[in-house]
file start.txt (compact mmCIF, C-alpha atoms)
# COMPACT_ATOMS: atom_id res chain seq x y z
CA GLU A 1 -55.72 19.18 -76.32
CA ALA A 2 -55.11 16.01 -78.30
CA ASP A 3 -55.69 12.96 -76.19
CA ILE A 4 -57.28 9.52 -75.95
CA TYR A 5 -60.35 8.95 -73.81
CA GLN A 6 -61.83 5.81 -72.33
CA THR A 7 -65.23 5.44 -70.71
CA PRO A 8 -66.34 4.24 -68.29
CA ARG A 9 -63.40 4.44 -65.93
CA TYR A 10 -64.83 1.71 -63.71
CA LEU A 11 -67.61 -0.77 -64.46
CA VAL A 12 -69.17 -3.45 -62.28
CA ILE A 13 -71.66 -5.60 -64.15
CA GLY A 14 -73.49 -8.89 -63.76
CA THR A 15 -72.71 -12.09 -65.60
CA GLY A 16 -74.38 -12.40 -68.98
CA LYS A 17 -74.70 -8.69 -69.65
CA LYS A 18 -73.56 -7.11 -72.90
CA ILE A 19 -71.08 -4.29 -72.46
CA THR A 20 -69.25 -1.84 -74.66
CA LEU A 21 -66.08 -0.11 -73.60
CA GLU A 22 -65.61 3.19 -75.38
CA CYS A 23 -62.33 4.57 -76.72
CA SER A 24 -61.93 7.81 -78.65
CA GLN A 25 -58.88 9.79 -79.72
CA THR A 26 -58.53 13.31 -81.06
CA MET A 27 -55.09 12.93 -82.61
CA GLY A 28 -56.22 11.63 -85.99
CA HIS A 29 -54.22 8.42 -85.53
CA ASP A 30 -55.04 5.60 -87.93
CA LYS A 31 -53.57 2.92 -85.68
CA MET A 32 -55.40 1.92 -82.51
CA TYR A 33 -55.01 -0.92 -80.03
CA TRP A 34 -56.72 -2.66 -77.12
CA TYR A 35 -54.65 -4.22 -74.36
CA GLN A 36 -55.84 -6.38 -71.48
CA GLN A 37 -53.90 -5.90 -68.29
CA ASP A 38 -54.10 -8.75 -65.81
CA PRO A 39 -53.86 -8.39 -62.01
CA GLY A 40 -50.12 -9.07 -62.23
CA MET A 41 -50.01 -5.96 -64.46
CA GLU A 42 -48.79 -7.80 -67.56
CA LEU A 43 -50.12 -6.31 -70.81
CA HIS A 44 -51.58 -8.43 -73.59
CA LEU A 45 -52.58 -7.14 -77.02
CA ILE A 46 -56.11 -8.37 -77.80
CA HIS A 47 -57.16 -6.25 -80.81
CA TYR A 48 -55.72 -3.69 -83.17
CA SER A 49 -56.79 -1.60 -86.14
CA TYR A 50 -54.81 0.13 -88.84
CA GLY A 51 -57.68 2.31 -89.99
CA VAL A 52 -61.38 2.51 -90.77
CA ASN A 53 -62.92 -0.92 -91.41
CA SER A 54 -59.68 -2.64 -90.39
CA THR A 55 -59.64 -4.85 -87.29
CA GLU A 56 -57.33 -7.69 -86.32
CA LYS A 57 -56.98 -10.03 -83.37
CA GLY A 58 -53.93 -9.65 -81.17
CA ASP A 59 -51.66 -12.08 -79.41
CA LEU A 60 -54.06 -13.02 -76.61
CA SER A 61 -57.27 -14.73 -77.62
CA SER A 62 -60.27 -12.74 -76.44
CA GLU A 63 -64.02 -13.25 -76.60
CA SER A 64 -64.45 -9.53 -77.15
CA THR A 65 -65.02 -7.90 -80.52
CA VAL A 66 -64.11 -4.48 -81.87
CA SER A 67 -65.24 -2.19 -84.65
CA ARG A 68 -63.70 0.78 -86.45
CA ILE A 69 -66.31 2.76 -88.31
CA ARG A 70 -64.72 6.15 -87.65
CA THR A 71 -61.05 6.99 -87.36
CA GLU A 72 -61.42 8.46 -83.89
CA HIS A 73 -63.57 5.71 -82.36
CA PHE A 74 -62.55 2.13 -81.47
CA PRO A 75 -65.09 0.48 -79.14
CA LEU A 76 -64.70 -2.97 -77.60
CA THR A 77 -67.76 -5.15 -77.00
CA LEU A 78 -68.40 -8.20 -74.85
CA GLU A 79 -71.66 -9.87 -75.86
CA SER A 80 -72.00 -11.85 -72.63
CA ALA A 81 -69.76 -10.85 -69.76
CA ARG A 82 -68.27 -13.52 -67.50
CA PRO A 83 -66.19 -13.30 -64.31
CA SER A 84 -63.15 -14.40 -66.34
CA HIS A 85 -63.44 -11.09 -68.24
CA THR A 86 -62.65 -9.15 -65.08
CA SER A 87 -59.57 -7.11 -65.92
CA GLN A 88 -58.29 -3.68 -66.83
CA TYR A 89 -58.65 -2.75 -70.50
CA LEU A 90 -56.31 -0.15 -72.00
CA CYS A 91 -56.86 1.57 -75.32
CA ALA A 92 -53.95 3.14 -77.23
CA SER A 93 -53.23 4.84 -80.52
CA SER A 94 -50.11 5.64 -82.51
CA GLU A 95 -48.84 7.56 -85.49
CA PRO A 96 -48.19 5.56 -88.67
CA ARG A 97 -44.65 4.99 -87.48
CA GLY A 98 -45.21 3.24 -84.20
CA GLY A 99 -41.61 3.92 -83.31
CA TYR A 100 -42.70 7.23 -81.82
CA GLY A 101 -44.57 5.34 -79.13
CA TYR A 102 -48.16 4.72 -78.27
CA THR A 103 -50.50 7.09 -76.44
CA PHE A 104 -52.65 5.34 -73.86
CA GLY A 105 -56.03 6.11 -72.38
CA SER A 106 -56.70 5.95 -68.64
CA GLY A 107 -58.18 2.49 -68.92
CA THR A 108 -61.45 0.82 -67.94
CA ARG A 109 -61.40 -1.43 -64.91
CA LEU A 110 -64.08 -4.06 -65.51
CA THR A 111 -65.45 -6.30 -62.78
CA VAL A 112 -67.97 -9.00 -63.69
CA VAL A 113 -69.86 -10.43 -60.73
CA ALA B 1 -40.63 -13.18 -82.16
CA GLN B 2 -39.88 -10.28 -79.86
CA THR B 3 -39.36 -10.64 -76.12
CA VAL B 4 -38.78 -8.14 -73.33
CA THR B 5 -37.60 -9.25 -69.89
CA GLN B 6 -37.71 -7.25 -66.68
CA SER B 7 -36.13 -9.35 -63.96
CA GLN B 8 -36.95 -7.04 -61.05
CA PRO B 9 -40.64 -7.33 -60.09
CA GLU B 10 -40.16 -4.74 -57.32
CA MET B 11 -37.62 -2.08 -56.47
CA SER B 12 -37.45 0.56 -53.79
CA VAL B 13 -35.34 3.67 -53.37
CA GLN B 14 -34.93 6.43 -50.84
CA GLU B 15 -36.26 9.80 -51.89
CA ALA B 16 -33.55 11.90 -53.61
CA GLU B 17 -31.44 8.81 -54.36
CA THR B 18 -30.77 7.17 -57.72
CA VAL B 19 -32.26 3.88 -58.89
CA THR B 20 -31.70 1.76 -61.98
CA LEU B 21 -34.35 -0.51 -63.48
CA SER B 22 -33.14 -3.36 -65.68
CA CYS B 23 -34.48 -4.55 -69.00
CA THR B 24 -33.24 -6.98 -71.62
CA TYR B 25 -34.84 -7.60 -74.97
CA ASP B 26 -34.58 -9.80 -78.00
CA THR B 27 -35.66 -8.98 -81.52
CA SER B 28 -34.76 -10.12 -85.00
CA GLU B 29 -35.48 -6.66 -86.41
CA SER B 30 -32.65 -4.35 -87.43
CA ASP B 31 -34.93 -1.31 -87.18
CA TYR B 32 -36.52 -1.09 -83.74
CA TYR B 33 -37.25 1.30 -80.91
CA LEU B 34 -37.13 0.93 -77.16
CA PHE B 35 -39.29 2.64 -74.58
CA TRP B 36 -39.86 3.01 -70.88
CA TYR B 37 -43.45 3.65 -69.82
CA LYS B 38 -44.66 4.69 -66.37
CA GLN B 39 -48.05 3.66 -64.96
CA PRO B 40 -48.90 5.34 -61.64
CA PRO B 41 -51.58 3.64 -59.50
CA SER B 42 -55.00 3.98 -61.18
CA ARG B 43 -53.62 6.47 -63.67
CA GLN B 44 -52.76 6.72 -67.31
CA MET B 45 -49.70 4.99 -68.76
CA ILE B 46 -47.31 7.62 -70.02
CA LEU B 47 -44.14 7.50 -72.10
CA VAL B 48 -41.04 8.29 -70.07
CA ILE B 49 -38.26 7.92 -72.58
CA ARG B 50 -37.62 6.62 -76.10
CA GLN B 51 -34.48 5.24 -77.74
CA GLU B 52 -33.92 4.65 -81.43
CA ALA B 53 -31.85 1.50 -81.84
CA TYR B 54 -29.69 2.96 -84.60
CA LYS B 55 -28.57 5.81 -82.33
CA GLN B 56 -25.62 5.04 -80.09
CA GLN B 57 -26.18 8.04 -77.85
CA ASN B 58 -28.21 7.25 -74.75
CA ALA B 59 -31.52 9.11 -74.47
CA THR B 60 -32.06 11.52 -71.58
CA GLU B 61 -35.18 13.28 -70.34
CA ASN B 62 -34.53 15.46 -67.32
CA ARG B 63 -33.98 13.07 -64.36
CA PHE B 64 -34.51 9.99 -66.52
CA SER B 65 -31.76 8.46 -68.63
CA VAL B 66 -31.09 5.11 -70.22
CA ASN B 67 -28.07 2.89 -70.63
CA PHE B 68 -28.51 1.29 -74.03
CA GLN B 69 -26.14 -1.60 -74.69
CA LYS B 70 -27.11 -2.80 -78.16
CA ALA B 71 -24.76 -5.77 -78.38
CA ALA B 72 -25.92 -7.03 -75.00
CA LYS B 73 -29.56 -6.20 -75.83
CA SER B 74 -29.84 -4.31 -72.58
CA PHE B 75 -31.87 -1.16 -71.95
CA SER B 76 -31.84 0.02 -68.34
CA LEU B 77 -33.54 3.12 -66.93
CA LYS B 78 -31.84 5.36 -64.41
CA ILE B 79 -33.92 7.71 -62.30
CA SER B 80 -31.89 10.37 -60.53
CA ASP B 81 -33.03 12.42 -57.53
CA SER B 82 -36.03 10.13 -57.01
CA GLN B 83 -39.25 11.87 -56.04
CA LEU B 84 -42.43 10.60 -54.41
CA GLY B 85 -44.25 11.12 -57.71
CA ASP B 86 -41.97 8.59 -59.38
CA ALA B 87 -43.73 5.75 -57.55
CA ALA B 88 -45.35 3.62 -60.25
CA MET B 89 -45.14 0.49 -62.37
CA TYR B 90 -42.45 0.88 -65.01
CA PHE B 91 -42.69 -1.07 -68.24
CA CYS B 92 -39.91 -1.59 -70.73
CA ALA B 93 -41.11 -2.08 -74.32
CA CYS B 94 -39.67 -2.84 -77.74
CA PHE B 95 -41.26 -1.79 -81.03
CA GLY B 96 -40.30 -3.69 -84.15
CA ASN B 97 -42.06 -5.05 -87.23
CA GLU B 98 -45.19 -3.10 -86.39
CA LYS B 99 -45.49 -4.62 -82.95
CA LEU B 100 -44.98 -3.20 -79.45
CA THR B 101 -43.99 -5.82 -76.91
CA PHE B 102 -43.98 -5.06 -73.18
CA GLY B 103 -42.05 -6.53 -70.30
CA THR B 104 -43.83 -7.67 -67.16
CA GLY B 105 -43.09 -4.44 -65.31
CA THR B 106 -41.17 -3.31 -62.23
CA ARG B 107 -43.04 -1.78 -59.32
CA LEU B 108 -41.01 1.13 -57.95
CA THR B 109 -41.59 2.33 -54.40
CA ILE B 110 -40.15 5.61 -53.14
CA ILE B 111 -39.25 5.67 -49.45
CA PRO B 112 -39.67 9.12 -47.89
call {"tool": "encode", "arguments": {"input": "start.txt", "output": "structure tokens"}}
result
Amino acid sequence: EADIYQTPRYLVIGTGKKITLECSQTMGHDKMYWYQQDPGMELHLIHYSYGVNSTEKGDLSSESTVSRIRTEHFPLTLESARPSHTSQYLCASSEPRGGYGYTFGSGTRLTVV
Amino acid sequence: AQTVTQSQPEMSVQEAETVTLSCTYDTSESDYYLFWYKQPPSRQMILVIRQEAYKQQNATENRFSVNFQKAAKSFSLKISDSQLGDAAMYFCACFGNEKLTFGTGTRLTIIP
């Protein structure tokens, strides 16, 4: 079944650690996105990609980085985690015409202690 | 710039009753799409309903329907025969110029 997968589902990690949040989709979508969802539930676009080797920063400035080496894989990396990075991170993908809507993963809830 | 406004942070409804969630938007695009997404607690965000702006007919998906008022830039969601499984955060969103913009969400509680 075509879907989008995020791992881990929950992550508690110490300050200063490097982490990578994984996102993979089996729908063959070129367009992929990372959203940060704050405790008030508001969604902020932090990164997006329109295909292999394409990455762009979103509306909300983020210290994280992303890569897109394969169509199906769009990982997000934090080189040195801080408590301010504590949030939920949602990955999504869409068909070329985003007007059909985005498909979201289940999210990774990150807590930095 | 695109904006989406949900003025109801929280709503509640009795089970089996009908509830309407409000949403207004603003976009300079002539070609855009509107969505309602549902995010249950600790679960995946899923698409509830989609409306193409150039279509006057209101979209309907089973118990979910919208009231799309293009001139007023209003896009409300009506949930009929509310069920316990409808409890979730509901996000209104607008897609235009390659960008999907979300509202701040409405938390819907279903009262048994």
call {"tool": "interface_residues", "arguments": {"input": "start.txt", "of": "chain B", "to": "chain A", "cutoff": "12 Å", "atoms": "all atoms listed in the file", "output": "ChimeraX atom specification"}}
result
/B:1-2,4-6,9-10,31-53,88-107
call {"tool": "atom_distance", "arguments": {"input": "start.txt", "atom1": "CA of Thr24 in chain B", "atom2": "CA of Tyr50 in chain A"}}
result
28.5 Å
call {"tool": "atom_distance", "arguments": {"input": "start.txt", "atom1": "CA of Ser67 in chain A", "atom2": "CA of Gln6 in chain A"}}
result
15.1 Å
call {"tool": "residues_around", "arguments": {"input": "start.txt", "residues": "Ser93 in chain A", "least_positions_apart": "4", "cutoff": "8 Å", "atoms": "only C-alpha atoms", "output": "CSV table (one decimal) with C-alpha atoms, in the frame of the given file"}}
result
chain,number,residue,atom,x,y,z
A,4,ILE,CA,-57.3,9.5,-76.0
A,25,GLN,CA,-58.9,9.8,-79.7
A,29,HIS,CA,-54.2,8.4,-85.5
A,30,ASP,CA,-55.0,5.6,-87.9
A,31,LYS,CA,-53.6,2.9,-85.7
A,32,MET,CA,-55.4,1.9,-82.5
A,33,TYR,CA,-55.0,-0.9,-80.0
A,102,TYR,CA,-48.2,4.7,-78.3
A,103,THR,CA,-50.5,7.1,-76.4
A,104,PHE,CA,-52.6,5.3,-73.9
call {"tool": "closest_residue", "arguments": {"input": "start.txt", "among": "A:Gln36, A:Gln88, A:Ser61, A:Thr20", "to": "Pro75 in chain A", "atoms": "all atoms listed in the file"}}
result
A:Thr20
call {"tool": "atom_distance", "arguments": {"input": "start.txt", "atom1": "CA of Pro83 in chain A", "atom2": "CA of Thr55 in chain A"}}
result
25.3 Å
call {"tool": "residues_around", "arguments": {"input": "start.txt", "residues": "Glu22 in chain A", "least_positions_apart": "3", "cutoff": "9 Å", "atoms": "only C-alpha atoms", "output": "list of chain:residue names"}}
result
A:Tyr5, A:Gln6, A:Thr7, A:Pro8, A:His73, A:Phe74, A:Pro75, A:Leu76, A:Thr77, A:Cys91, A:Thr108
call {"tool": "residues_around", "arguments": {"input": "start.txt", "residues": "range 75-86 of chain B", "least_positions_apart": "6", "cutoff": "7 Å", "atoms": "only C-alpha atoms", "output": "list of chain:residue names"}}
result
B:Glu15, B:Ala16, B:Glu17, B:Thr18, B:Val19, B:Thr20, B:Leu21, B:Ser22, B:Cys23, B:Thr24, B:Arg63, B:Phe64, B:Ser65, B:Val66, B:Asn67, B:Phe68, B:Gln69, B:Ile110
